[in-house]
Amino acid sequence: MKAAVLEQAQNPIVVKNVPDPSVGVNDVLIKVRACGVCHTDLHIVDGMLAAFGYDPFPLIMGHEIVGEVAQVGSEVTHLKPGDRVGAYWQFGCGHCHYCRSGKEQTCITNSRTHNIRHAGVTLPGGYAEYFTVAADYAIPLPDAIEFVDAAPFLCAGLTMYAGFKNAALRPGQRAAILGIGGLGHLAIPIAKAMGAEVIAITSTESKQTTAKQLGADHTINGAGAEAGSKLLAMGGADVVLSTTLNTEAINGAIHGLLPQGTLVLTALTADPLPIIPVQLLAYEKRIIGSLIGTRLDFQELLHLAAQHNIRPMTECYALDDVNTAHARLREGKVRYRAVLTPN
Ligand SMILES: [Zn+2]
Ligand SMILES: [Zn+2]
């Protein structure tokens with residue numbers, strides 16, 4: 001099959017022929033119809049994995065994988081060739097407390113054995129014509145959602161939905177989204193569908209216009225620390241979901257939280273965050289990390305998206321144009337999620 005391979009970090013991605021993935025008795029082979037390009041993929045190209053002690057190269061990246069089932073293993077009875085599925089891509093040990101509760105992305109066994117198993121990150125992913133996954137991880141897609149629209153739900157959309165869910169966002173509450181990009185643009189309709197009053201925070205004027213079109217009730221033109229004070233002036237928020245790497249903006253957002261409010265961190269940054277404890281305890285504010293989401297979260301999000309007509313804004317690229325897609329993402333030009341279409 002044809003695949004886009006990162007031979008080593010800090011190199012261009014090479015499109016070439018590689019062996020087809022094998023299909024075990026409990027697996028399904030997916031003909032990849034769409035695979036989203038995530039900011040994490042740029043971090044991988046830049047060398048993030050070596051910093052964490054991983055060397056999965058040569059690597060086929062891509063963790064927003066959807067397509068048609070092409071083949072099923074002999075033990076698989078609930079899926080058949082032709083079924084439309086999305087591939088959940090974070091695999092836990094299956095037997096620890098966290099895995100049993102569905103939180104495979106925080107599997108303690110994988111953490112202790114330093115064996116994080118994520119498709120497209122440490123295992124082969126979806127920048128390819130075919131991808132194999134255990135059948136239990138292939139989640140059926142609603143007919144109403146096209147492949148290209150479904151792919152970004154596997155990371156960008158799921159991270160936003162689970163972030164709000166982990167913050168216990170309730171109907172009628174105010175949700176602010178800090179940073180409107182691949183993730184944040186999906187957070188707007190998701191928070192609306194969950195019943196919130198939505199405030200989009202971005203310093204890019206064209207993104208404020210888009211945020212309104214996507215259903216934001218209010219927009220704030222702000223970057224850095226001032227975003228939080230502007231949010232406070234506008235009445236504050238019960239939940240601030242941050243997709244930005246800008247720690248000044250993240251820290252500023254604490255000021256914009258209402259009492260008992262929750263700041264949700266979803267973007268991968270190792271930069272320190274200066275926290276003043278009294279800021280948190282005086283009004284019982286919380287800061288939480290939220291990592292992607294669970295298989296159940298993904299299933300719920302698909303229902304929500306089908307019901308409320310939530311779709312990402314996408315740019316499509318052939319597999320051969322993967323480096324162009326990466327370059328545009330790196331330059332901040334993608335509006336709003338780049339998606340590869342290998343088949
Ligand atoms: Zn991602
Ligand atoms: Zn586990």
# chains A, B, ... in the order shown; residues from 1 in each chain; ligands from 1
>>> select_by_dssp(residues="segment 75-264 of chain A", states="helix (DSSP H, G or I)", output="ChimeraX atom specification")
/A:97-100,104-106,108-112,135-137,147-154,156-166,184-193,205-213,226-233,247-255
>>> residues_near_ligand(ligand="ligand 1", cutoff="6 Å", atoms="only C-alpha atoms and all ligand atoms", output="PyMOL selection string")
chain A and resi 38+40+155
>>> closest_residue(among="A:Thr341, A:Gln307, A:Ser101, A:Asn11", to="Leu319 of chain A", atoms="only C-alpha atoms")
A:Thr341
>>> atom_distance(atom1="atom CA of Asp321 of chain A", atom2="atom CA of Pro12 of chain A")
11.4 Å
>>> closest_atom_pairs(of="segment 248-318 of chain A", to="segment 139-146 of chain A", cutoff="8 Å", atoms="only C-alpha atoms", output="tab-separated table")
residue	atom	partner	partner_atom	distance
A:Arg295	CA	A:Ile139	CA	7.9
A:Gln299	CA	A:Ile139	CA	7.2
A:Leu302	CA	A:Pro142	CA	7.0
A:His303	CA	A:Pro142	CA	7.5
A:Ala306	CA	A:Ala144	CA	6.4
>>> closest_atom_pairs(of="chain A", to="ligand 2", cutoff="9 Å", atoms="only C-alpha atoms and all ligand atoms", output="JSON lines")
{"residue": "A:Phe91", "atom": "CA", "partner": "ligand 2", "partner_atom_place_in_ligand_line": "1 (Zn)", "distance": 8.2}
{"residue": "A:Gly92", "atom": "CA", "partner": "ligand 2", "partner_atom_place_in_ligand_line": "1 (Zn)", "distance": 4.4}
{"residue": "A:Cys93", "atom": "CA", "partner": "ligand 2", "partner_atom_place_in_ligand_line": "1 (Zn)", "distance": 3.8}
{"residue": "A:Gly94", "atom": "CA", "partner": "ligand 2", "partner_atom_place_in_ligand_line": "1 (Zn)", "distance": 4.9}
{"residue": "A:His95", "atom": "CA", "partner": "ligand 2", "partner_atom_place_in_ligand_line": "1 (Zn)", "distance": 5.4}
{"residue": "A:Cys96", "atom": "CA", "partner": "ligand 2", "partner_atom_place_in_ligand_line": "1 (Zn)", "distance": 4.1}
{"residue": "A:His97", "atom": "CA", "partner": "ligand 2", "partner_atom_place_in_ligand_line": "1 (Zn)", "distance": 6.7}
{"residue": "A:Tyr98", "atom": "CA", "partner": "ligand 2", "partner_atom_place_in_ligand_line": "1 (Zn)", "distance": 5.7}
{"residue": "A:Cys99", "atom": "CA", "partner": "ligand 2", "partner_atom_place_in_ligand_line": "1 (Zn)", "distance": 4.3}
{"residue": "A:Arg100", "atom": "CA", "partner": "ligand 2", "partner_atom_place_in_ligand_line": "1 (Zn)", "distance": 7.3}
{"residue": "A:Lys103", "atom": "CA", "partner": "ligand 2", "partner_atom_place_in_ligand_line": "1 (Zn)", "distance": 8.1}
{"residue": "A:Glu104", "atom": "CA", "partner": "ligand 2", "partner_atom_place_in_ligand_line": "1 (Zn)", "distance": 5.9}
{"residue": "A:Gln105", "atom": "CA", "partner": "ligand 2", "partner_atom_place_in_ligand_line": "1 (Zn)", "distance": 8.3}
{"residue": "A:Thr106", "atom": "CA", "partner": "ligand 2", "partner_atom_place_in_ligand_line": "1 (Zn)", "distance": 7.4}
{"residue": "A:Cys107", "atom": "CA", "partner": "ligand 2", "partner_atom_place_in_ligand_line": "1 (Zn)", "distance": 3.7}
{"residue": "A:Ile108", "atom": "CA", "partner": "ligand 2", "partner_atom_place_in_ligand_line": "1 (Zn)", "distance": 5.4}
{"residue": "A:Thr109", "atom": "CA", "partner": "ligand 2", "partner_atom_place_in_ligand_line": "1 (Zn)", "distance": 5.1}
{"residue": "A:Asn110", "atom": "CA", "partner": "ligand 2", "partner_atom_place_in_ligand_line": "1 (Zn)", "distance": 6.5}
{"residue": "A:Ser111", "atom": "CA", "partner": "ligand 2", "partner_atom_place_in_ligand_line": "1 (Zn)", "distance": 8.6}
>>> write_last_selection(atoms="C-alpha atoms", output="mmCIF file, in the first residue's frame")
data_model
loop_
_atom_site.group_PDB
_atom_site.id
_atom_site.type_symbol
_atom_site.label_atom_id
_atom_site.label_comp_id
_atom_site.auth_asym_id
_atom_site.auth_seq_id
_atom_site.Cartn_x
_atom_site.Cartn_y
_atom_site.Cartn_z
ATOM 1 C CA PHE A 91 -4.774 1.595 23.543
ATOM 2 C CA GLY A 92 -4.497 0.837 27.243
ATOM 3 C CA CYS A 93 -3.551 -2.401 28.978
ATOM 4 C CA GLY A 94 -7.248 -3.280 29.298
ATOM 5 C CA HIS A 95 -7.058 -4.479 32.906
ATOM 6 C CA CYS A 96 -6.025 -1.529 35.102
ATOM 7 C CA HIS A 97 -8.590 0.551 37.012
ATOM 8 C CA TYR A 98 -8.401 3.358 34.447
ATOM 9 C CA CYS A 99 -8.850 1.074 31.434
ATOM 10 C CA ARG A 100 -11.760 -0.713 33.090
ATOM 11 C CA LYS A 103 -10.157 5.959 30.534
ATOM 12 C CA GLU A 104 -7.657 4.094 28.398
ATOM 13 C CA GLN A 105 -5.838 7.269 27.491
ATOM 14 C CA THR A 106 -4.648 7.497 31.108
ATOM 15 C CA CYS A 107 -3.727 3.784 31.429
ATOM 16 C CA ILE A 108 -1.458 3.443 34.474
ATOM 17 C CA THR A 109 0.207 0.249 33.219
ATOM 18 C CA ASN A 110 1.350 1.905 30.004
ATOM 19 C CA SER A 111 2.561 4.843 32.030
#
>>> residues_around(residues="Ala305 of chain A", least_positions_apart="6", cutoff="9 Å", atoms="only C-alpha atoms", output="list in words")
Ile145, Pro189, Ile190, Ala193 and Arg311 of chain A
>>> write_last_selection(atoms="C-alpha atoms", output="tab-separated table (two decimals), in the first residue's frame")
chain	number	residue	atom	x	y	z
A	145	ILE	CA	-21.61	12.37	8.62
A	189	PRO	CA	-20.83	24.28	18.07
A	190	ILE	CA	-20.14	21.49	20.57
A	193	ALA	CA	-25.12	21.79	21.48
A	311	ARG	CA	-19.25	19.70	11.15
>>> closest_atom_pairs(of="segment 9-62 of chain A", to="segment 76-89 of chain A", cutoff="8 Å", atoms="only C-alpha atoms", output="Markdown table")
| residue | atom | partner | partner_atom | distance |
| --- | --- | --- | --- | --- |
| A:Val25 | CA | A:Val76 | CA | 7.1 |
| A:Asn26 | CA | A:Val76 | CA | 5.6 |
| A:Asp27 | CA | A:Val76 | CA | 7.2 |
| A:Val28 | CA | A:Val76 | CA | 7.9 |
>>> select_by_dssp(residues="segment 159-200 of chain A", states="strand (DSSP E or B)", output="ChimeraX atom specification")
/A:174-178,197-200
>>> closest_residue(among="A:Met313, A:Leu6, A:Ala134, A:Ala151", to="Gln213 of chain A", atoms="only C-alpha atoms")
A:Met313
>>> residues_around(residues="Val239 of chain A", least_positions_apart="6", cutoff="12 Å", atoms="only C-alpha atoms", output="number ranges by chain")
A: 160, 163-178, 187, 191, 196-200, 231, 253-265, 285-288
>>> write_last_selection(atoms="C-alpha atoms", output="short mmCIF file (atom, residue, chain, number, x, y, z; two decimals), in the first residue's frame")
data_model
loop_
_atom_site.label_atom_id
_atom_site.label_comp_id
_atom_site.auth_asym_id
_atom_site.auth_seq_id
_atom_site.Cartn_x
_atom_site.Cartn_y
_atom_site.Cartn_z
CA MET A 160 -13.25 19.54 22.99
CA GLY A 163 -12.95 18.71 27.93
CA PHE A 164 -16.39 20.22 28.49
CA LYS A 165 -17.67 16.94 29.88
CA ASN A 166 -14.75 16.65 32.32
CA ALA A 167 -15.47 20.23 33.43
CA ALA A 168 -19.10 19.18 34.02
CA LEU A 169 -20.40 21.95 31.72
CA ARG A 170 -24.14 22.29 32.22
CA PRO A 171 -26.89 23.84 30.06
CA GLY A 172 -27.17 27.57 30.68
CA GLN A 173 -23.58 27.97 31.83
CA ARG A 174 -21.07 30.21 30.10
CA ALA A 175 -18.26 28.48 28.19
CA ALA A 176 -15.29 30.42 26.86
CA ILE A 177 -12.94 28.96 24.28
CA LEU A 178 -9.40 30.29 24.31
CA ALA A 187 -15.56 23.64 20.50
CA ALA A 191 -20.58 23.83 23.56
CA ALA A 196 -23.92 26.69 26.91
CA GLU A 197 -23.64 30.39 26.17
CA VAL A 198 -20.42 30.53 24.14
CA ILE A 199 -17.64 33.10 24.16
CA ALA A 200 -14.84 32.73 21.58
CA LEU A 231 -13.57 37.95 29.73
CA ALA A 253 -7.90 33.13 31.79
CA ILE A 254 -7.98 32.20 35.49
CA HIS A 255 -9.09 35.81 36.16
CA GLY A 256 -11.98 35.34 33.76
CA LEU A 257 -13.40 32.32 35.62
CA LEU A 258 -16.59 32.69 37.64
CA PRO A 259 -16.69 31.23 41.20
CA GLN A 260 -16.39 27.40 41.07
CA GLY A 261 -15.30 27.85 37.47
CA THR A 262 -13.02 25.38 35.71
CA LEU A 263 -10.11 26.06 33.40
CA VAL A 264 -9.54 23.08 31.11
CA LEU A 265 -6.09 22.61 29.59
CA LYS A 285 -11.69 27.78 40.94
CA ARG A 286 -10.21 24.65 39.40
CA ILE A 287 -7.63 23.92 36.74
CA ILE A 288 -7.82 20.50 35.11
#
>>> atom_distance(atom1="atom CA of Leu280 of chain A", atom2="atom CA of Leu245 of chain A")
20.8 Å
>>> closest_residue(among="A:Asp297, A:Asp55, A:Asp271, A:Glu315", to="Asn246 of chain A", atoms="only C-alpha atoms")
A:Asp271
>>> residues_around(residues="segment 41-45 of chain A", least_positions_apart="4", cutoff="9 Å", atoms="only C-alpha atoms", output="tab-separated table (two decimals) with N, CA, C and O atoms, in the first residue's frame")
chain	number	residue	atom	x	y	z
A	6	LEU	N	7.34	9.03	7.98
A	6	LEU	CA	8.36	9.90	8.58
A	6	LEU	C	9.52	8.99	8.99
A	6	LEU	O	9.42	8.24	9.95
A	8	GLN	N	12.56	9.72	10.00
A	8	GLN	CA	13.17	10.21	11.23
A	8	GLN	C	12.61	11.59	11.52
A	8	GLN	O	12.14	12.27	10.61
A	9	ALA	N	12.65	12.00	12.78
A	9	ALA	CA	12.20	13.36	13.12
A	9	ALA	C	13.04	14.38	12.36
A	9	ALA	O	14.16	14.09	11.94
A	10	GLN	N	12.44	15.54	12.17
A	10	GLN	CA	13.11	16.67	11.50
A	10	GLN	C	13.48	16.37	10.06
A	10	GLN	O	14.47	16.89	9.54
A	11	ASN	N	12.70	15.47	9.43
A	11	ASN	CA	12.88	15.18	8.01
A	11	ASN	C	11.55	15.38	7.30
A	11	ASN	O	10.50	15.33	7.94
A	12	PRO	N	11.59	15.60	5.96
A	12	PRO	CA	10.32	15.64	5.24
A	12	PRO	C	9.66	14.25	5.28
A	12	PRO	O	10.36	13.24	5.44
A	13	ILE	N	8.36	14.24	5.12
A	13	ILE	CA	7.64	12.97	5.08
A	13	ILE	C	7.75	12.42	3.66
A	13	ILE	O	7.64	13.17	2.69
A	37	VAL	N	-5.03	15.92	10.07
A	37	VAL	CA	-3.66	16.30	10.43
A	37	VAL	C	-3.73	17.15	11.69
A	37	VAL	O	-4.38	18.19	11.71
A	49	LEU	N	8.95	13.01	20.31
A	49	LEU	CA	8.96	11.65	20.85
A	49	LEU	C	10.30	11.30	21.51
A	49	LEU	O	10.33	10.63	22.54
A	50	ALA	N	11.38	11.78	20.92
A	50	ALA	CA	12.71	11.50	21.51
A	50	ALA	C	12.79	12.10	22.92
A	50	ALA	O	13.35	11.50	23.83
A	61	MET	N	2.38	8.48	10.58
A	61	MET	CA	1.61	9.29	11.53
A	61	MET	C	0.11	9.26	11.18
A	61	MET	O	-0.30	8.59	10.25
A	62	GLY	N	-0.67	10.03	11.93
A	62	GLY	CA	-2.09	10.16	11.64
A	62	GLY	C	-2.95	9.42	12.63
A	62	GLY	O	-2.93	8.18	12.69
A	63	HIS	N	-3.74	10.19	13.46
A	63	HIS	CA	-4.58	9.52	14.47
A	63	HIS	C	-6.05	9.94	14.38
A	63	HIS	O	-6.82	9.66	15.28
A	120	GLY	N	-0.45	6.24	15.20
A	120	GLY	CA	0.00	7.48	14.57
A	120	GLY	C	0.98	8.26	15.41
A	120	GLY	O	1.47	9.30	14.98
A	121	VAL	N	1.27	7.75	16.62
A	121	VAL	CA	2.22	8.43	17.50
A	121	VAL	C	3.38	7.47	17.84
A	121	VAL	O	4.53	7.76	17.53
A	326	HIS	N	1.24	19.91	6.02
A	326	HIS	CA	2.02	20.21	7.23
A	326	HIS	C	2.56	21.63	7.21
A	326	HIS	O	2.53	22.33	8.23
A	329	LEU	N	-0.15	24.10	7.98
A	329	LEU	CA	-0.51	24.05	9.41
A	329	LEU	C	0.55	24.78	10.24
A	329	LEU	O	0.23	25.55	11.14
A	330	ARG	N	1.80	24.55	9.88
A	330	ARG	CA	2.91	25.18	10.60
A	330	ARG	C	2.85	26.70	10.48
A	330	ARG	O	3.18	27.42	11.42
